[in-house]
$ cat structure00.csv   # CSV, C-alpha atoms and all ligand atoms
chain,number,residue,atom,x,y,z
A,1,MET,CA,76.5,-46.0,36.7
A,2,GLY,CA,73.2,-44.6,38.0
A,3,GLN,CA,70.9,-45.2,35.0
A,4,ILE,CA,67.5,-46.3,36.2
A,5,THR,CA,64.6,-47.4,33.9
A,6,LEU,CA,61.1,-48.1,35.1
A,7,LYS,CA,59.1,-50.2,32.6
A,8,GLN,CA,55.3,-50.4,33.0
A,9,ILE,CA,55.6,-50.6,36.7
A,10,THR,CA,52.4,-50.7,38.8
A,11,LYS,CA,51.8,-50.8,42.6
A,12,SER,CA,48.6,-51.8,44.4
A,13,PHE,CA,47.9,-51.9,48.1
A,14,GLY,CA,45.1,-54.4,48.4
A,15,ASP,CA,42.5,-53.5,45.8
A,16,VAL,CA,43.8,-49.9,45.4
A,17,GLN,CA,46.2,-49.2,42.5
A,18,VAL,CA,48.2,-46.2,43.7
A,19,ILE,CA,50.6,-46.4,40.7
A,20,PRO,CA,49.0,-47.1,37.3
A,21,PRO,CA,51.4,-48.4,34.6
A,22,LEU,CA,54.3,-46.0,34.6
A,23,ASP,CA,57.4,-45.6,32.4
A,24,LEU,CA,60.4,-43.4,33.3
A,25,GLN,CA,64.0,-43.1,32.3
A,26,ILE,CA,66.6,-41.6,34.6
A,27,ASP,CA,70.0,-40.9,33.1
A,28,ASP,CA,73.4,-41.3,34.7
A,29,GLY,CA,74.3,-38.3,36.8
A,30,GLU,CA,70.9,-36.6,36.5
A,31,PHE,CA,69.2,-34.7,39.4
A,32,VAL,CA,65.6,-35.8,39.1
A,33,VAL,CA,62.9,-34.4,41.3
A,34,PHE,CA,59.5,-36.1,41.8
A,35,VAL,CA,57.0,-33.4,42.7
A,36,GLY,CA,53.3,-33.5,43.4
A,37,PRO,CA,50.7,-33.0,46.1
A,38,SER,CA,50.6,-35.1,49.3
A,39,GLY,CA,49.4,-38.7,48.6
A,40,CYS,CA,50.2,-38.7,44.9
A,41,GLY,CA,52.6,-41.6,45.2
A,42,LYS,CA,56.0,-39.9,45.4
A,43,SER,CA,57.3,-41.9,48.4
A,44,THR,CA,55.8,-45.1,47.0
A,45,LEU,CA,57.6,-44.6,43.7
A,46,LEU,CA,60.9,-44.0,45.5
A,47,ARG,CA,60.4,-47.0,47.8
A,48,LEU,CA,59.8,-49.2,44.7
A,49,ILE,CA,63.0,-48.0,43.1
A,50,ALA,CA,64.9,-48.6,46.5
A,51,GLY,CA,63.3,-52.0,46.7
A,52,LEU,CA,61.6,-51.2,50.1
A,53,GLU,CA,58.3,-52.1,48.4
A,54,ASP,CA,57.8,-54.7,45.6
A,55,VAL,CA,56.3,-53.7,42.3
A,56,SER,CA,52.9,-55.3,41.6
A,57,SER,CA,54.0,-55.7,38.0
A,58,GLY,CA,56.5,-54.3,35.6
A,59,ASP,CA,60.3,-54.1,35.7
A,60,ILE,CA,63.0,-51.9,37.2
A,61,THR,CA,66.4,-51.8,35.5
A,62,ILE,CA,69.5,-50.3,37.2
A,63,ASP,CA,72.6,-49.8,35.0
A,64,GLY,CA,71.2,-52.3,32.4
A,65,LYS,CA,70.5,-55.1,34.9
A,66,ASN,CA,67.0,-56.2,35.9
A,67,ALA,CA,66.7,-55.2,39.6
A,68,THR,CA,63.1,-56.0,40.1
A,69,GLU,CA,63.9,-59.1,42.3
A,70,VAL,CA,67.1,-57.6,43.8
A,71,PRO,CA,66.8,-56.9,47.6
A,72,PRO,CA,67.3,-53.3,48.7
A,73,ALA,CA,70.8,-53.7,50.1
A,74,LYS,CA,72.1,-55.1,46.8
A,75,ARG,CA,70.6,-52.5,44.5
A,76,GLY,CA,73.6,-50.2,45.0
A,77,LEU,CA,71.3,-47.2,45.9
A,78,ALA,CA,71.4,-45.2,49.1
A,79,MET,CA,68.2,-43.8,50.6
A,80,VAL,CA,68.8,-40.7,52.7
A,81,PHE,CA,66.4,-40.6,55.6
A,82,GLN,CA,65.5,-37.6,57.7
A,83,SER,CA,68.0,-36.6,60.3
A,84,TYR,CA,66.2,-38.3,63.1
A,85,ALA,CA,67.3,-41.7,61.7
A,86,LEU,CA,70.7,-41.2,63.2
A,87,TYR,CA,71.9,-43.4,66.2
A,88,PRO,CA,71.9,-41.0,69.2
A,89,HIS,CA,74.4,-43.0,71.2
A,90,MET,CA,77.0,-43.2,68.5
A,91,SER,CA,79.5,-40.5,67.5
A,92,VAL,CA,79.2,-38.8,64.1
A,93,ARG,CA,82.1,-40.9,63.0
A,94,LYS,CA,80.4,-44.1,63.9
A,95,ASN,CA,77.1,-43.0,62.4
A,96,ILE,CA,78.8,-42.3,59.1
A,97,ALA,CA,80.8,-45.5,59.2
A,98,PHE,CA,77.8,-47.6,60.2
A,99,PRO,CA,77.0,-49.1,56.7
A,100,LEU,CA,80.7,-49.9,56.2
A,101,ARG,CA,80.9,-51.7,59.5
A,102,MET,CA,77.8,-53.7,58.6
A,103,ALA,CA,79.5,-54.6,55.3
A,104,GLY,CA,82.6,-55.8,57.1
A,105,ILE,CA,84.9,-53.3,55.5
A,106,ASP,CA,88.3,-53.1,57.3
A,107,LYS,CA,88.9,-50.2,59.7
A,108,ALA,CA,91.5,-48.4,57.7
A,109,ALA,CA,89.3,-48.3,54.6
A,110,GLN,CA,86.3,-47.2,56.8
A,111,ASP,CA,88.4,-44.3,58.3
A,112,ALA,CA,89.5,-43.2,54.8
A,113,LYS,CA,86.0,-43.1,53.5
A,114,VAL,CA,84.6,-41.3,56.6
A,115,THR,CA,87.4,-38.7,56.4
A,116,ALA,CA,86.6,-38.0,52.7
A,117,ALA,CA,82.9,-37.8,53.3
A,118,ALA,CA,83.3,-35.5,56.3
A,119,LYS,CA,85.5,-33.2,54.2
A,120,VAL,CA,82.9,-32.9,51.4
A,121,LEU,CA,80.2,-32.2,54.0
A,122,ASN,CA,82.1,-29.8,56.3
A,123,LEU,CA,81.9,-32.2,59.2
A,124,THR,CA,85.6,-32.8,59.9
A,125,ASP,CA,85.5,-30.9,63.2
A,126,TYR,CA,82.3,-32.7,64.4
A,127,LEU,CA,83.3,-36.3,64.0
A,128,ASP,CA,83.6,-37.0,67.8
A,129,ARG,CA,80.3,-35.4,68.7
A,130,ARG,CA,77.0,-37.2,69.1
A,131,PRO,CA,74.0,-36.3,67.0
A,132,GLY,CA,72.3,-34.5,70.0
A,133,GLN,CA,75.3,-32.0,70.0
A,134,LEU,CA,74.7,-30.9,66.4
A,135,SER,CA,72.4,-28.5,64.7
A,136,GLY,CA,69.6,-29.7,62.4
A,137,GLY,CA,71.6,-29.0,59.3
A,138,GLN,CA,74.6,-30.8,60.6
A,139,ARG,CA,72.5,-33.8,61.5
A,140,GLN,CA,71.1,-33.9,58.0
A,141,ARG,CA,74.6,-33.8,56.7
A,142,VAL,CA,75.6,-36.8,58.8
A,143,ALA,CA,72.6,-38.7,57.3
A,144,ILE,CA,73.9,-37.8,53.8
A,145,GLY,CA,77.5,-38.8,54.9
A,146,ARG,CA,76.2,-42.2,55.8
A,147,ALA,CA,74.9,-42.5,52.2
A,148,ILE,CA,78.1,-41.1,50.6
A,149,VAL,CA,80.4,-43.7,52.1
A,150,ARG,CA,78.5,-46.5,50.4
A,151,GLU,CA,79.4,-44.9,47.0
A,152,PRO,CA,76.0,-45.6,45.6
A,153,ALA,CA,75.0,-45.6,42.0
A,154,ALA,CA,72.2,-43.2,43.0
A,155,PHE,CA,71.0,-41.3,46.1
A,156,LEU,CA,67.3,-41.3,46.9
A,157,PHE,CA,66.0,-38.5,49.0
A,158,ASP,CA,62.4,-38.4,50.4
A,159,GLU,CA,61.6,-34.9,51.6
A,160,PRO,CA,64.9,-34.7,53.5
A,161,LEU,CA,64.4,-31.1,54.5
A,162,SER,CA,60.9,-31.1,55.7
A,163,ASN,CA,61.9,-31.1,59.4
A,164,LEU,CA,64.2,-28.1,59.1
A,165,ASP,CA,63.2,-24.5,59.5
A,166,ALA,CA,62.8,-22.2,56.4
A,167,ALA,CA,66.3,-20.6,56.5
A,168,LEU,CA,68.1,-23.8,57.0
A,169,ARG,CA,66.1,-25.4,54.2
A,170,VAL,CA,67.4,-22.9,51.7
A,171,ASN,CA,70.9,-23.6,52.9
A,172,MET,CA,70.6,-27.3,52.7
A,173,ARG,CA,69.1,-27.1,49.3
A,174,LEU,CA,72.2,-25.3,48.1
A,175,GLU,CA,74.4,-27.8,49.8
A,176,ILE,CA,72.7,-30.8,48.2
A,177,SER,CA,73.0,-29.1,44.8
A,178,GLU,CA,76.7,-28.5,45.4
A,179,LEU,CA,77.1,-32.1,46.5
A,180,HIS,CA,75.5,-33.2,43.2
A,181,GLN,CA,77.9,-30.9,41.3
A,182,SER,CA,80.9,-32.4,43.0
A,183,LEU,CA,79.9,-36.1,43.1
A,184,LYS,CA,78.0,-36.1,39.8
A,185,THR,CA,76.0,-39.1,41.0
A,186,THR,CA,72.4,-39.6,40.0
A,187,MET,CA,70.1,-38.2,42.6
A,188,ILE,CA,66.3,-38.7,42.9
A,189,TYR,CA,64.7,-36.2,45.2
A,190,VAL,CA,61.1,-36.2,46.4
A,191,THR,CA,59.4,-33.1,47.5
A,192,HIS,CA,56.0,-31.4,47.5
A,193,ASP,CA,57.7,-28.0,47.3
A,194,GLN,CA,57.6,-26.4,43.8
A,195,VAL,CA,60.5,-24.1,44.7
A,196,GLU,CA,62.8,-27.0,45.6
A,197,ALA,CA,61.8,-28.7,42.4
A,198,MET,CA,62.4,-25.6,40.2
A,199,THR,CA,65.7,-24.7,41.8
A,200,MET,CA,67.3,-28.1,42.1
A,201,ALA,CA,66.2,-30.3,39.3
A,202,ASP,CA,67.8,-31.2,35.9
A,203,LYS,CA,64.5,-33.0,35.3
A,204,ILE,CA,61.2,-32.7,37.0
A,205,VAL,CA,58.6,-35.5,37.1
A,206,VAL,CA,55.2,-34.1,38.0
A,207,LEU,CA,52.9,-36.7,39.6
A,208,GLN,CA,49.2,-36.6,40.2
A,209,ALA,CA,47.4,-39.7,41.6
A,210,GLY,CA,50.3,-42.0,40.8
A,211,LYS,CA,50.4,-40.8,37.2
A,212,ILE,CA,53.1,-38.8,35.5
A,213,GLU,CA,51.6,-35.6,34.2
A,214,GLN,CA,54.8,-34.3,32.6
A,215,VAL,CA,58.5,-34.8,32.6
A,216,GLY,CA,60.9,-32.0,31.6
A,217,SER,CA,63.4,-29.4,32.7
A,218,PRO,CA,62.3,-26.6,35.0
A,219,LEU,CA,62.3,-24.3,32.0
A,220,GLU,CA,60.3,-26.6,29.8
A,221,LEU,CA,57.6,-27.1,32.4
A,222,TYR,CA,57.4,-23.4,33.1
A,223,HIS,CA,57.2,-22.4,29.4
A,224,THR,CA,55.2,-25.3,28.0
A,225,PRO,CA,53.2,-27.0,30.8
A,226,ARG,CA,51.1,-29.7,29.3
A,227,ASN,CA,48.0,-29.0,31.2
A,228,LYS,CA,46.4,-26.8,33.9
A,229,PHE,CA,47.5,-29.1,36.7
A,230,VAL,CA,51.2,-28.8,35.7
A,231,ALA,CA,50.9,-25.0,35.1
A,232,GLY,CA,49.2,-24.5,38.5
A,233,PHE,CA,51.6,-26.7,40.4
A,234,ILE,CA,54.7,-25.3,38.9
A,235,GLY,CA,53.4,-21.7,39.2
A,236,SER,CA,53.6,-21.1,35.5
A,237,PRO,CA,51.5,-18.1,34.2
A,238,LYS,CA,50.2,-20.3,31.3
A,301,LIG,P1,53.3,-39.1,48.8
A,301,LIG,O1,54.6,-39.5,49.2
A,301,LIG,O2,53.2,-38.4,47.5
A,301,LIG,O3,52.6,-38.2,49.8
A,301,LIG,P2,52.6,-41.9,49.1
A,301,LIG,O4,53.4,-42.6,48.1
A,301,LIG,O5,53.0,-41.9,50.6
A,301,LIG,O6,52.3,-40.4,48.7
A,301,LIG,O7,51.1,-42.5,49.1
A,301,LIG,C1,50.4,-42.7,47.8
A,301,LIG,C2,49.1,-43.4,48.1
A,301,LIG,O8,49.4,-44.7,48.5
A,301,LIG,C3,48.3,-42.8,49.2
A,301,LIG,O9,46.9,-42.9,48.9
A,301,LIG,C4,48.6,-43.6,50.4
A,301,LIG,O10,47.6,-43.6,51.3
A,301,LIG,C5,48.8,-45.0,49.8
A,301,LIG,N1,49.7,-45.9,50.5
A,301,LIG,C6,51.1,-45.6,50.7
A,301,LIG,N2,51.6,-46.6,51.4
A,301,LIG,C7,50.6,-47.5,51.7
A,301,LIG,C8,50.6,-48.8,52.4
A,301,LIG,N3,51.7,-49.3,53.0
A,301,LIG,N4,49.4,-49.3,52.5
A,301,LIG,C9,48.3,-48.8,51.9
A,301,LIG,N5,48.3,-47.7,51.3
A,301,LIG,C10,49.4,-47.0,51.1
A,302,MG,MG,55.7,-39.0,50.9
$ encode --input "structure00.csv" --output "C-alpha cells"
Amino acid sequence: MGQITLKQITKSFGDVQVIPPLDLQIDDGEFVVFVGPSGCGKSTLLRLIAGLEDVSSGDITIDGKNATEVPPAKRGLAMVFQSYALYPHMSVRKNIAFPLRMAGIDKAAQDAKVTAAAKVLNLTDYLDRRPGQLSGGQRQRVAIGRAIVREPAAFLFDEPLSNLDAALRVNMRLEISELHQSLKTTMIYVTHDQVEAMTMADKIVVLQAGKIEQVGSPLELYHTPRNKFVAGFIGSPK
C-alpha cells in the first residue's frame, strides 16, 4: 500500500504549462519531500496526486491501479490541511471523527479509531475541547488526526507548518517524523524550506519551474548535486 507512480503527467492552466512531462516513483512507506521555490509547482503536483486537480495528460497509478480518473475521496489518500481547516464549533473528538461520520461508519468503530489516533498524537486529554481552546501545535495535530482515522495509503502534506512559529515548527517536524516511524505509511510533504527537506526526507524531489531537477536522499543531494540550482537550494558546498 502507498506506492504511487506518475507517468508522463503534465498540467496546464489555460495556455500555460506549469508541469511539463514528469515521471516519478514513490515507494511504499517512503517519506518524500517536494522542495523548491515558491511558484515552482509543488502544490499543483500534490493536488494532481490527490485528485483535486485533473492532469492535462499522463497517468497516475496508486498501488498498481490507474487512479487518473478516480475522484479524490476514492483515491485512499489523505491531504492534511493547515490547522485553520478545523471546524471551530465542533469538539476535537468530532473534528477527528468527521471523515468517519461522513463515511457512515458506526459510532463504536468511530470512537475506537478516534481514541487510537488521539493516543498517537497526545491528544487524549483534549478530546472535549474546541479548536479555539488549543495551541497551534495541538490544532495541527487534530488536523493530522482527521487524516489518520481514514487509514490512508498515503498522507499528503502541503506546507503544514508554515503558520506556526519557529520553535513550534521544529517540534512539529519531529512529531511528524515520529508519526511516520510509527505508522510506516507513505508521506508526501511539500515545503519550500531546505532544512525541513534535509531533516525529514527519505527522498527529496527538487523542483524548479515544474521540472524535477533531481531526486535523491538528502546525503546524495548534498554530496552529488546535479547542478548549481540543486547545490544552491540544498545548501551544498559543491
Ligand atoms: P508552489 O506550491 O510551488 O508555490 P503552485 O503549484 O501553487 O506552486 O503554482 C505553480 C504555478 O502554477 C504558478 O505559476 C501558479 O501561478 C500556477 N497556478 C497554480 N494554480 C493555478 C490555477 N488554479 N490557475 C492558474 N494558474 C495556477
Ligand atoms: Mg504551494
$ atom_distance --input "structure00.csv" --atom1 "CA of Asp54 (chain A)" --atom2 "CA of Thr185 (chain A)"
24.4 Å
$ closest_residue --input "structure00.csv" --among "A:Ile176, A:Ala67, A:Ile105, A:Ala143" --to "Arg93 (chain A)" --atoms "all atoms listed in the file"
A:Ala143
$ residues_near_ligand --input "structure00.csv" --ligand "ligand MG 302 (chain A)" --cutoff "8 Å" --atoms "all atoms listed in the file" --output "JSON, numbers by chain"
{"A": [38, 39, 41, 42, 43, 44, 158, 159, 190, 191]}
$ write_last_selection --input "structure00.csv" --atoms "C-alpha atoms" --output "compact mmCIF listing (two decimals), keeping the file's coordinate frame"
# COMPACT_ATOMS: atom_id res chain seq x y z
CA SER A 38 50.60 -35.10 49.30
CA GLY A 39 49.40 -38.70 48.60
CA GLY A 41 52.60 -41.60 45.20
CA LYS A 42 56.00 -39.90 45.40
CA SER A 43 57.30 -41.90 48.40
CA THR A 44 55.80 -45.10 47.00
CA ASP A 158 62.40 -38.40 50.40
CA GLU A 159 61.60 -34.90 51.60
CA VAL A 190 61.10 -36.20 46.40
CA THR A 191 59.40 -33.10 47.50
$ residues_near_ligand --input "structure00.csv" --ligand "ligand LIG 301 (chain A)" --cutoff "10 Å" --atoms "all atoms listed in the file" --output "ChimeraX atom specification"
/A:11-19,34-48,53,158-159,190-192,207-210
$ closest_residue --input "structure00.csv" --among "A:Met1, A:Leu179, A:Arg150, A:Leu134" --to "Lys65 (chain A)" --atoms "only C-alpha atoms"
A:Met1
$ atom_distance --input "structure00.csv" --atom1 "CA of Leu24 (chain A)" --atom2 "CA of Leu174 (chain A)"
26.2 Å
$ decode --input "structure00.csv" --residues "region 188-207 of chain A" --atoms "C-alpha atoms" --output "compact mmCIF listing (two decimals), in the first residue's frame"
# COMPACT_ATOMS: atom_id res chain seq x y z
CA ILE A 188 4.47 13.22 0.67
CA TYR A 189 5.45 16.51 2.22
CA VAL A 190 5.64 19.82 0.36
CA THR A 191 7.84 22.61 1.63
CA HIS A 192 9.99 25.48 0.40
CA ASP A 193 12.21 25.02 3.47
CA GLN A 194 15.51 23.23 2.77
CA VAL A 195 16.01 22.40 6.45
CA GLU A 196 12.67 20.58 6.62
CA ALA A 197 13.56 18.70 3.44
CA MET A 198 17.02 17.70 4.63
CA THR A 199 15.92 16.61 8.12
CA MET A 200 12.67 14.79 7.30
CA ALA A 201 13.03 13.12 3.89
CA ASP A 202 13.96 9.63 2.84
CA LYS A 203 13.80 11.00 -0.68
CA ILE A 204 13.88 14.63 -1.83
CA VAL A 205 12.40 15.77 -5.13
CA VAL A 206 13.87 19.15 -6.12
CA LEU A 207 11.57 21.13 -8.41
